[in-house]
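Source file: target.txt; contents: compact mmCIF, C-alpha atoms.
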# COMPACT_ATOMS: atom_id res chain seq x y z
CA MET J 8 8.05 -1.21 -33.78
CA CYS J 9 5.71 1.40 -35.15
CA ASP J 10 7.29 4.55 -36.63
CA LEU J 11 4.60 6.76 -35.12
CA ILE J 12 5.81 6.13 -31.56
CA PRO J 13 8.25 8.90 -30.67
CA ILE J 14 11.40 8.01 -28.77
CA LEU J 15 11.96 10.38 -25.86
CA GLU J 16 15.24 10.65 -24.00
CA THR J 17 16.35 12.15 -20.72
CA GLU J 18 19.77 12.11 -19.12
CA ARG J 19 19.25 8.59 -17.73
CA LEU J 20 16.20 7.20 -19.54
CA ILE J 21 14.85 6.20 -22.92
CA LEU J 22 11.07 6.17 -23.43
CA ARG J 23 10.38 3.96 -26.44
CA GLY J 24 7.66 1.85 -27.92
CA HIS J 25 7.03 -1.56 -26.40
CA ARG J 26 8.32 -4.64 -28.22
CA GLU J 27 7.39 -8.29 -28.01
CA ASP J 28 10.73 -9.03 -26.33
CA ASP J 29 9.71 -6.75 -23.42
CA PHE J 30 7.17 -9.34 -22.31
CA GLU J 31 9.17 -11.19 -19.63
CA ALA J 32 10.46 -7.98 -18.03
CA LEU J 33 7.01 -6.37 -18.15
CA HIS J 34 5.47 -9.42 -16.53
CA GLU J 35 8.13 -9.44 -13.82
CA VAL J 36 7.44 -5.78 -13.00
CA TRP J 37 3.68 -6.39 -12.82
CA THR J 38 4.18 -9.25 -10.32
CA GLN J 39 6.00 -7.03 -7.81
CA PRO J 40 3.79 -6.27 -4.77
CA VAL J 41 4.95 -2.65 -4.67
CA VAL J 42 3.59 -2.28 -8.23
CA TYR J 43 0.25 -4.07 -8.09
CA GLN J 44 -0.83 -3.44 -4.48
CA TYR J 45 -2.52 -0.11 -5.26
CA ILE J 46 -3.67 -0.97 -8.79
CA SER J 47 -5.28 -4.40 -8.78
CA GLY J 48 -4.31 -5.81 -5.40
CA GLN J 49 -2.97 -8.98 -7.01
CA PRO J 50 -0.03 -9.95 -9.20
CA SER J 51 -0.57 -9.97 -12.92
CA THR J 52 -1.02 -13.30 -14.64
CA ARG J 53 1.06 -14.03 -17.71
CA GLU J 54 -2.12 -13.74 -19.76
CA ARG J 55 -2.95 -10.30 -18.34
CA SER J 56 0.65 -9.13 -18.81
CA TRP J 57 0.53 -10.25 -22.45
CA GLY J 58 -2.76 -8.38 -22.90
CA ARG J 59 -1.25 -5.28 -21.30
CA LEU J 60 1.73 -5.41 -23.68
CA LEU J 61 -0.60 -5.68 -26.67
CA GLN J 62 -2.75 -2.85 -25.28
CA TYR J 63 0.29 -0.59 -24.98
CA ILE J 64 1.35 -1.33 -28.56
CA GLY J 65 -2.20 -0.99 -29.88
CA MET J 66 -2.98 2.35 -28.23
CA TRP J 67 -0.53 4.15 -30.49
CA HIS J 68 -2.20 2.69 -33.59
CA ALA J 69 -5.77 3.26 -32.39
CA ILE J 70 -5.60 6.72 -30.78
CA GLY J 71 -2.23 8.16 -31.80
CA TYR J 72 -0.66 8.15 -28.34
CA GLY J 73 -0.03 5.68 -25.56
CA PHE J 74 2.44 4.21 -23.13
CA TRP J 75 6.17 3.91 -23.56
CA ALA J 76 8.49 1.21 -22.30
CA LEU J 77 10.87 2.85 -19.85
CA GLU J 78 14.48 1.83 -20.34
CA GLU J 79 17.47 2.71 -18.20
CA LYS J 80 20.17 4.12 -20.51
CA ALA J 81 23.17 2.86 -18.54
CA SER J 82 22.05 -0.77 -18.42
CA GLY J 83 19.54 -1.06 -21.28
CA ARG J 84 17.20 -2.63 -18.73
CA TYR J 85 13.41 -2.39 -19.04
CA ILE J 86 12.24 -0.70 -15.83
CA GLY J 87 8.56 0.11 -16.30
CA ASP J 88 5.71 1.61 -18.28
CA VAL J 89 4.84 5.29 -18.54
CA GLY J 90 2.55 7.27 -20.77
CA PHE J 91 -0.79 8.72 -21.72
CA ALA J 92 -3.99 6.82 -22.34
CA ASN J 93 -7.67 6.93 -22.93
CA PHE J 94 -8.94 3.93 -20.98
CA ASN J 95 -12.55 5.08 -21.42
CA ARG J 96 -12.93 4.74 -17.66
CA GLU J 97 -16.34 4.80 -16.06
CA ILE J 98 -15.46 7.30 -13.37
CA GLU J 99 -16.95 10.46 -11.91
CA PRO J 100 -15.99 13.08 -12.74
CA PRO J 101 -15.32 11.74 -16.25
CA PHE J 102 -12.05 12.37 -18.06
CA GLY J 103 -13.75 13.50 -21.26
CA ASP J 104 -11.07 14.52 -23.77
CA THR J 105 -8.45 14.99 -21.07
CA PRO J 106 -5.61 12.46 -21.47
CA GLU J 107 -4.81 10.21 -18.53
CA MET J 108 -1.21 9.78 -17.44
CA GLY J 109 0.07 6.65 -15.78
CA TRP J 110 3.33 5.19 -14.57
CA VAL J 111 4.52 1.86 -13.23
CA LEU J 112 8.12 1.60 -12.10
CA SER J 113 10.08 -1.49 -11.15
CA GLU J 114 10.84 -1.77 -7.47
CA ALA J 115 14.55 -1.98 -8.35
CA ILE J 116 14.63 1.69 -9.35
CA HIS J 117 12.36 3.22 -6.70
CA GLY J 118 13.90 6.20 -5.00
CA LYS J 119 16.24 7.12 -7.87
CA GLY J 120 14.13 9.97 -9.26
CA TYR J 121 13.39 8.14 -12.51
CA GLY J 122 9.64 8.68 -12.14
CA ASN J 123 10.08 12.44 -11.91
CA GLU J 124 12.50 12.42 -14.82
CA ALA J 125 10.14 10.40 -17.02
CA LEU J 126 7.05 12.44 -16.11
CA GLY J 127 8.83 15.70 -16.83
CA LYS J 128 9.71 14.50 -20.33
CA MET J 129 6.21 13.10 -20.94
CA LEU J 130 4.58 16.37 -19.84
CA GLU J 131 6.86 18.31 -22.17
CA TRP J 132 5.85 16.02 -25.06
CA GLY J 133 2.16 16.13 -24.09
CA ALA J 134 2.08 19.94 -24.04
CA GLY J 135 3.08 19.94 -27.70
CA PHE J 136 0.86 17.05 -28.74
CA PHE J 137 -2.51 17.37 -27.00
CA LYS J 138 -5.17 19.99 -27.68
CA ALA J 139 -6.46 19.53 -24.13
CA ASP J 140 -5.22 22.03 -21.56
CA SER J 141 -4.34 19.41 -18.95
CA ALA J 142 -3.65 15.79 -18.11
CA ARG J 143 -5.16 13.74 -15.29
CA CYS J 144 -4.23 10.70 -13.28
CA ILE J 145 -5.92 8.56 -10.66
CA ILE J 146 -4.00 7.40 -7.62
CA SER J 147 -4.95 5.34 -4.61
CA PRO J 148 -4.84 7.60 -1.55
CA GLU J 149 -2.59 4.99 0.09
CA ASN J 150 -0.01 5.12 -2.73
CA ILE J 151 2.23 7.75 -1.20
CA ALA J 152 5.09 7.22 -3.68
CA SER J 153 2.88 7.89 -6.72
CA ARG J 154 1.24 10.83 -5.00
CA ARG J 155 4.70 12.34 -4.42
CA ILE J 156 5.67 11.89 -8.07
CA ALA J 157 2.40 13.52 -9.15
CA GLU J 158 2.82 16.44 -6.75
CA LYS J 159 6.47 17.01 -7.72
CA ASN J 160 5.30 17.26 -11.33
CA GLY J 161 2.62 19.84 -10.69
CA PHE J 162 -0.46 17.65 -10.31
CA ARG J 163 -3.04 18.76 -7.77
CA LYS J 164 -5.89 16.75 -6.31
CA ILE J 165 -9.21 17.82 -7.79
CA ALA J 166 -11.55 15.08 -6.53
CA GLU J 167 -11.89 12.10 -4.24
CA THR J 168 -13.91 9.41 -5.98
CA THR J 169 -14.06 5.66 -6.55
CA TYR J 170 -13.01 3.45 -9.41
CA THR J 171 -14.00 -0.22 -9.52
CA GLY J 172 -15.32 0.17 -6.00
CA GLU J 173 -12.00 1.41 -4.58
CA PRO J 174 -11.24 4.95 -3.37
CA VAL J 175 -9.02 6.99 -5.69
CA TRP J 176 -7.90 10.56 -5.89
CA LEU J 177 -8.19 12.31 -9.21
CA HIS J 178 -5.29 14.65 -9.92
CA GLU J 179 -4.88 17.19 -12.71
CA ARG J 180 -2.01 19.18 -14.12
CA LEU J 181 -2.14 21.98 -16.66
CA PHE J 182 0.18 21.70 -19.64
CA GLU J 183 2.79 24.44 -19.80
CA ARG J 184 2.76 26.01 -23.22

Mind converting the file's structure to structure tokens?
Amino acid sequence: MCDLIPILETERLILRGHREDDFEALHEVWTQPVVYQYISGQPSTRERSWGRLLQYIGMWHAIGYGFWALEEKASGRYIGDVGFANFNREIEPPFGDTPEMGWVLSEAIHGKGYGNEALGKMLEWGAGFFKADSARCIISPENIASRRIAEKNGFRKIAETTYTGEPVWLHERLFER
């Protein structure tokens, strides 16, 4: 694992760099309907999951930040992906230099507050790392669970737009410094 990827910890979670041995668990998460239904509408293939794993690892090397593997402290279990990215999305309004936050959580841990816990820690880290004043995320208007996590963490809707032909809401949150 790359030394430049910080390890973040909360009471119940470890946010760490992805490893090759995360592949099977990552793929399993990305084949859960509750995960993919509002992102791609179809389960991930093994090939796409492998590409996603490599993308997560590579982001840190290419742009200096990225996604973390989310691990439950008590069990050591891989439970999702969370982080910041620059996906160079073709979206209006554009992200520009504003980092994009994203999160994907295994169905097994939904409702436990792990998303809020992880986002709180990521926002704390991001406030000290990024020069930008805020972070953004895009969420399907139908994805009520992700909208709740965003709202609980201070994101507010700033636009209704489309991405890849699908409606999305663009949310933004100022970093607290």

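Put simply, atom CA of Tyr63 of chain J is 16.2 Å away from atom CA of Ile21 of chain J.
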
Interatomic distance, atom CA of Asn95 of chain J to atom CA of Leu20 of chain J (Å, one decimal): 28.9 Å

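For the pair atom CA of Glu35 of chain J and atom CA of Ala125 of chain J, the interatomic distance is 20.2 Å.
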
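The closest residue to Arg84 of chain J, picked from J:Ser147, J:Tyr170, J:Ala32, J:Ser141 and counting all atoms listed in the file, is J:Ala32.
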
From J:Tyr43, J:Phe94, J:Trp110, J:Trp176, residue lying nearest Ser56 of chain J [all atoms listed in the file]: J:Tyr43

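Distances here use only C-alpha atoms; by that measure, the residue among J:Glu99, J:Asp140, J:Glu183, J:Glu114 closest to Glu167 of chain J is J:Glu99.
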
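Each of J:Asp88, J:Glu149, J:Glu97, J:Glu124 was compared to Val111 of chain J using all atoms listed in the file, and J:Asp88 turns out to be the nearest.
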
Got a sec to check which residues sit within 10 Å of (6.3, 14.6, -10.7), counting all atoms listed in the file, and write them as a short mmCIF file (atom, residue, chain, number, x, y, z; two decimals) with C-alpha atoms, in the frame of the given file?
data_model
loop_
_atom_site.label_atom_id
_atom_site.label_comp_id
_atom_site.auth_asym_id
_atom_site.auth_seq_id
_atom_site.Cartn_x
_atom_site.Cartn_y
_atom_site.Cartn_z
CA GLY J 120 14.13 9.97 -9.26
CA TYR J 121 13.39 8.14 -12.51
CA GLY J 122 9.64 8.68 -12.14
CA ASN J 123 10.08 12.44 -11.91
CA GLU J 124 12.50 12.42 -14.82
CA ALA J 125 10.14 10.40 -17.02
CA LEU J 126 7.05 12.44 -16.11
CA GLY J 127 8.83 15.70 -16.83
CA LEU J 130 4.58 16.37 -19.84
CA SER J 153 2.88 7.89 -6.72
CA ARG J 154 1.24 10.83 -5.00
CA ARG J 155 4.70 12.34 -4.42
CA ILE J 156 5.67 11.89 -8.07
CA ALA J 157 2.40 13.52 -9.15
CA GLU J 158 2.82 16.44 -6.75
CA LYS J 159 6.47 17.01 -7.72
CA ASN J 160 5.30 17.26 -11.33
CA GLY J 161 2.62 19.84 -10.69
CA PHE J 162 -0.46 17.65 -10.31
#

Contacts of Ile46 of chain J at 12 Å (all atoms listed in the file; same-chain gap of 5+ positions) as a list in words: Trp37, Thr38, Gln39, Pro40, Val41, Ser51, Gly109, Trp110, Val111, Ile145, Ile146, Ser147, Pro148, Glu149, Asn150, Ser153, Tyr170, Thr171, Glu173, Pro174 and Val175 of chain J

Shortest interatomic distance to Ile12 of chain J - which of J:Phe30, J:Tyr45, J:Trp57, J:Phe74, counting only C-alpha atoms: J:Phe74

6 Å contact set for Leu22 of chain J, only C-alpha atoms, chain neighbours under 2 positions out, as a ChimeraX atom specification: /J:14-15,75-77

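Proximity to Ile64 of chain J was assessed for J:Met108, J:Ala139, J:Cys144, J:Ala92 counting all atoms listed in the file; the smallest distance is recorded for J:Ala92.
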
Ref. answer, residues at most 9 Å from (-9.3, 15.2, -24.8) with all atoms listed in the file, as a ChimeraX atom specification: /J:93,102-106,137-142
